[in-house]
Amino acid sequence: MMELFTLCFEFFKTGLFAVGGGLATLPFLTQMQQKYQWFTATDLANMIAVSESTPGPIGVNMATYVGYMTKGIGGGLTATLSLILPSLIVILIIARALDKYQKSPIIQNMFAFMRPAVTGLIAAAGMSVLKISLLTQGETFFSSLNWVAIALFAIFLALTQVKALKKIHPIAYIAVGAVVGVLLQM
């Protein structure tokens with residue numbers, strides 16, 4: 001029961017402060033991983049991959065995954081509802097306030113100053129993904145680099161810059177990446 005309460009608290013906090021989308025939850029998930037050991041860094045990387053490639057919001061997918069891995073179906077529901085509850089509350093309050101104060105310069109300035117903070121949170125999440133994806137545990141800097149992952153990253157980055165290939169749907173890239181990942185693990 002205490003672990004469900006902890007899941008609820010941690011994901012409510014994540015939902016309240018992870019402004020900017022699903023990837024903004026990564027710093028919070030990393031902190032949970034270090035504090036509670038509910039999942040490993042490899043599990044986190046797998047969560048990101050699965051959450052990116054499945055329908056639905058990334059943060060919700062990851063909350064459901066962590067909750068389910070920790071306490072089964074009840075944990076999945078608790079973590080998911082705890083993550084979305086702050087957004088629901090805040091949206092209801094903001095909708096009510098915006099309706100009343102929509103043209104206020106204070107409100108306009110508040111949103112203007114939030115943009116850099118959101119950008120910083122997303123950048124931090126991106127750096128976490130790069131660190132998890134491209135680094136391993138090595139004794140030196142060069143031995144800690146995952147050269148296969150770096151090569152795949154460079155190839156996919158280059159492919160997405162080719163004008164003719166920009167028309168390919170991102171799901172195709174995800175599917176090819178999944179197949180390559182499975183083949184390279186054999």
# chains A, B, ... in the order shown; residues from 1 in each chain; ligands from 1

$ residues_around --residues "stretch 113-124 of chain A" --least-positions-apart "5" --cutoff "9 Å" --atoms "only C-alpha atoms" --output "PyMOL selection string"
chain A and resi 18-27+108+129

$ residues_around --residues "A:Thr80" --least-positions-apart "6" --cutoff "12 Å" --atoms "only C-alpha atoms" --output "NGL selection string"
:A and (4 or 7-12 or 14-15 or 57-68 or 73-74 or 86-87)

$ residues_around --residues "A:Leu44" --least-positions-apart "5" --cutoff "8 Å" --atoms "only C-alpha atoms" --output "number ranges by chain"
A: 29-30, 39

$ closest_residue --among "A:Leu130, A:Leu88, A:Ala79, A:Ala125" --to "A:Phe28" --atoms "only C-alpha atoms"
A:Ala125

$ atom_distance --atom1 "atom CA of A:Leu134" --atom2 "atom CA of A:Trp147"
7.5 Å

$ residues_around --residues "A:Ala175" --least-positions-apart "4" --cutoff "12 Å" --atoms "only C-alpha atoms" --output "ChimeraX atom specification"
/A:49-50,52-54,168-171,179-182

$ atom_distance --atom1 "atom CA of A:Ser51" --atom2 "atom CA of A:Gly177"
14.3 Å

$ closest_residue --among "A:Ala172, A:Ile132, A:Ile89, A:Val162" --to "A:Met47" --atoms "only C-alpha atoms"
A:Ile132

$ closest_residue --among "A:Gln185, A:Ser133, A:Ser144, A:Ser128" --to "A:Asn46" --atoms "only C-alpha atoms"
A:Ser133

$ atom_distance --atom1 "atom CA of A:Asn109" --atom2 "atom CA of A:Ile91"
18.2 Å

$ closest_residue --among "A:Ile94, A:Gln37, A:Phe111, A:Ser82" --to "A:Met69" --atoms "only C-alpha atoms"
A:Gln37

$ decode --residues "stretch 114-127 of chain A" --atoms "all heavy atoms" --output "JSON list (two decimals), in the first residue's frame"
[["chain", "number", "residue", "atom", "x", "y", "z"],
["A", 114, "MET", "N", 7.47, 31.53, -19.86],
["A", 114, "MET", "CA", 7.44, 30.08, -19.67],
["A", 114, "MET", "C", 8.12, 29.35, -20.83],
["A", 114, "MET", "O", 8.66, 28.25, -20.63],
["A", 114, "MET", "CB", 6.01, 29.58, -19.52],
["A", 114, "MET", "CG", 5.41, 29.87, -18.17],
["A", 114, "MET", "SD", 3.68, 29.37, -18.03],
["A", 114, "MET", "CE", 3.80, 27.61, -18.29],
["A", 115, "ARG", "N", 8.12, 29.92, -22.01],
["A", 115, "ARG", "CA", 8.68, 29.23, -23.19],
["A", 115, "ARG", "C", 10.14, 28.82, -22.99],
["A", 115, "ARG", "O", 10.49, 27.68, -23.29],
["A", 115, "ARG", "CB", 8.52, 30.11, -24.42],
["A", 115, "ARG", "CG", 7.09, 30.14, -24.92],
["A", 115, "ARG", "CD", 6.97, 30.92, -26.23],
["A", 115, "ARG", "NE", 5.57, 31.18, -26.50],
["A", 115, "ARG", "CZ", 4.99, 32.36, -26.35],
["A", 115, "ARG", "NH1", 5.69, 33.41, -25.97],
["A", 115, "ARG", "NH2", 3.70, 32.51, -26.60],
["A", 116, "PRO", "N", 11.03, 29.69, -22.51],
["A", 116, "PRO", "CA", 12.43, 29.25, -22.31],
["A", 116, "PRO", "C", 12.56, 28.12, -21.28],
["A", 116, "PRO", "O", 13.40, 27.23, -21.46],
["A", 116, "PRO", "CB", 13.15, 30.51, -21.83],
["A", 116, "PRO", "CG", 12.29, 31.64, -22.27],
["A", 116, "PRO", "CD", 10.89, 31.13, -22.27],
["A", 117, "ALA", "N", 11.76, 28.15, -20.24],
["A", 117, "ALA", "CA", 11.83, 27.09, -19.23],
["A", 117, "ALA", "C", 11.42, 25.75, -19.83],
["A", 117, "ALA", "O", 12.06, 24.72, -19.60],
["A", 117, "ALA", "CB", 10.93, 27.43, -18.04],
["A", 118, "VAL", "N", 10.37, 25.77, -20.62],
["A", 118, "VAL", "CA", 9.91, 24.54, -21.29],
["A", 118, "VAL", "C", 10.97, 24.05, -22.26],
["A", 118, "VAL", "O", 11.27, 22.84, -22.33],
["A", 118, "VAL", "CB", 8.56, 24.79, -22.00],
["A", 118, "VAL", "CG1", 8.19, 23.62, -22.89],
["A", 118, "VAL", "CG2", 7.47, 25.06, -20.98],
["A", 119, "THR", "N", 11.59, 24.95, -23.00],
["A", 119, "THR", "CA", 12.65, 24.58, -23.92],
["A", 119, "THR", "C", 13.82, 23.94, -23.18],
["A", 119, "THR", "O", 14.37, 22.93, -23.62],
["A", 119, "THR", "CB", 13.14, 25.82, -24.70],
["A", 119, "THR", "OG1", 12.03, 26.39, -25.39],
["A", 119, "THR", "CG2", 14.21, 25.46, -25.71],
["A", 120, "GLY", "N", 14.18, 24.49, -22.04],
["A", 120, "GLY", "CA", 15.27, 23.93, -21.23],
["A", 120, "GLY", "C", 14.93, 22.53, -20.72],
["A", 120, "GLY", "O", 15.79, 21.63, -20.73],
["A", 121, "LEU", "N", 13.70, 22.31, -20.27],
["A", 121, "LEU", "CA", 13.30, 20.99, -19.80],
["A", 121, "LEU", "C", 13.35, 19.96, -20.93],
["A", 121, "LEU", "O", 13.81, 18.83, -20.73],
["A", 121, "LEU", "CB", 11.89, 21.04, -19.21],
["A", 121, "LEU", "CG", 11.76, 21.68, -17.84],
["A", 121, "LEU", "CD1", 10.30, 21.88, -17.47],
["A", 121, "LEU", "CD2", 12.45, 20.84, -16.79],
["A", 122, "ILE", "N", 12.91, 20.35, -22.11],
["A", 122, "ILE", "CA", 12.95, 19.43, -23.25],
["A", 122, "ILE", "C", 14.39, 19.15, -23.66],
["A", 122, "ILE", "O", 14.74, 18.01, -23.98],
["A", 122, "ILE", "CB", 12.10, 19.97, -24.42],
["A", 122, "ILE", "CG1", 10.62, 19.97, -24.02],
["A", 122, "ILE", "CG2", 12.33, 19.16, -25.69],
["A", 122, "ILE", "CD1", 9.71, 20.66, -25.00],
["A", 123, "ALA", "N", 15.25, 20.16, -23.63],
["A", 123, "ALA", "CA", 16.67, 19.96, -23.96],
["A", 123, "ALA", "C", 17.33, 19.01, -22.96],
["A", 123, "ALA", "O", 18.10, 18.13, -23.34],
["A", 123, "ALA", "CB", 17.41, 21.30, -23.99],
["A", 124, "ALA", "N", 17.01, 19.17, -21.68],
["A", 124, "ALA", "CA", 17.55, 18.27, -20.66],
["A", 124, "ALA", "C", 17.09, 16.83, -20.90],
["A", 124, "ALA", "O", 17.87, 15.88, -20.76],
["A", 124, "ALA", "CB", 17.14, 18.73, -19.26],
["A", 125, "ALA", "N", 15.83, 16.68, -21.28],
["A", 125, "ALA", "CA", 15.32, 15.34, -21.58],
["A", 125, "ALA", "C", 16.04, 14.76, -22.79],
["A", 125, "ALA", "O", 16.40, 13.57, -22.80],
["A", 125, "ALA", "CB", 13.82, 15.41, -21.84],
["A", 126, "GLY", "N", 16.27, 15.57, -23.80],
["A", 126, "GLY", "CA", 17.00, 15.11, -24.98],
["A", 126, "GLY", "C", 18.41, 14.66, -24.65],
["A", 126, "GLY", "O", 18.89, 13.64, -25.16],
["A", 127, "MET", "N", 19.07, 15.41, -23.77],
["A", 127, "MET", "CA", 20.42, 15.03, -23.35],
["A", 127, "MET", "C", 20.40, 13.70, -22.58],
["A", 127, "MET", "O", 21.30, 12.87, -22.73],
["A", 127, "MET", "CB", 21.05, 16.13, -22.50],
["A", 127, "MET", "CG", 21.32, 17.42, -23.27],
["A", 127, "MET", "SD", 22.37, 17.19, -24.72],
["A", 127, "MET", "CE", 23.91, 16.80, -23.92]]
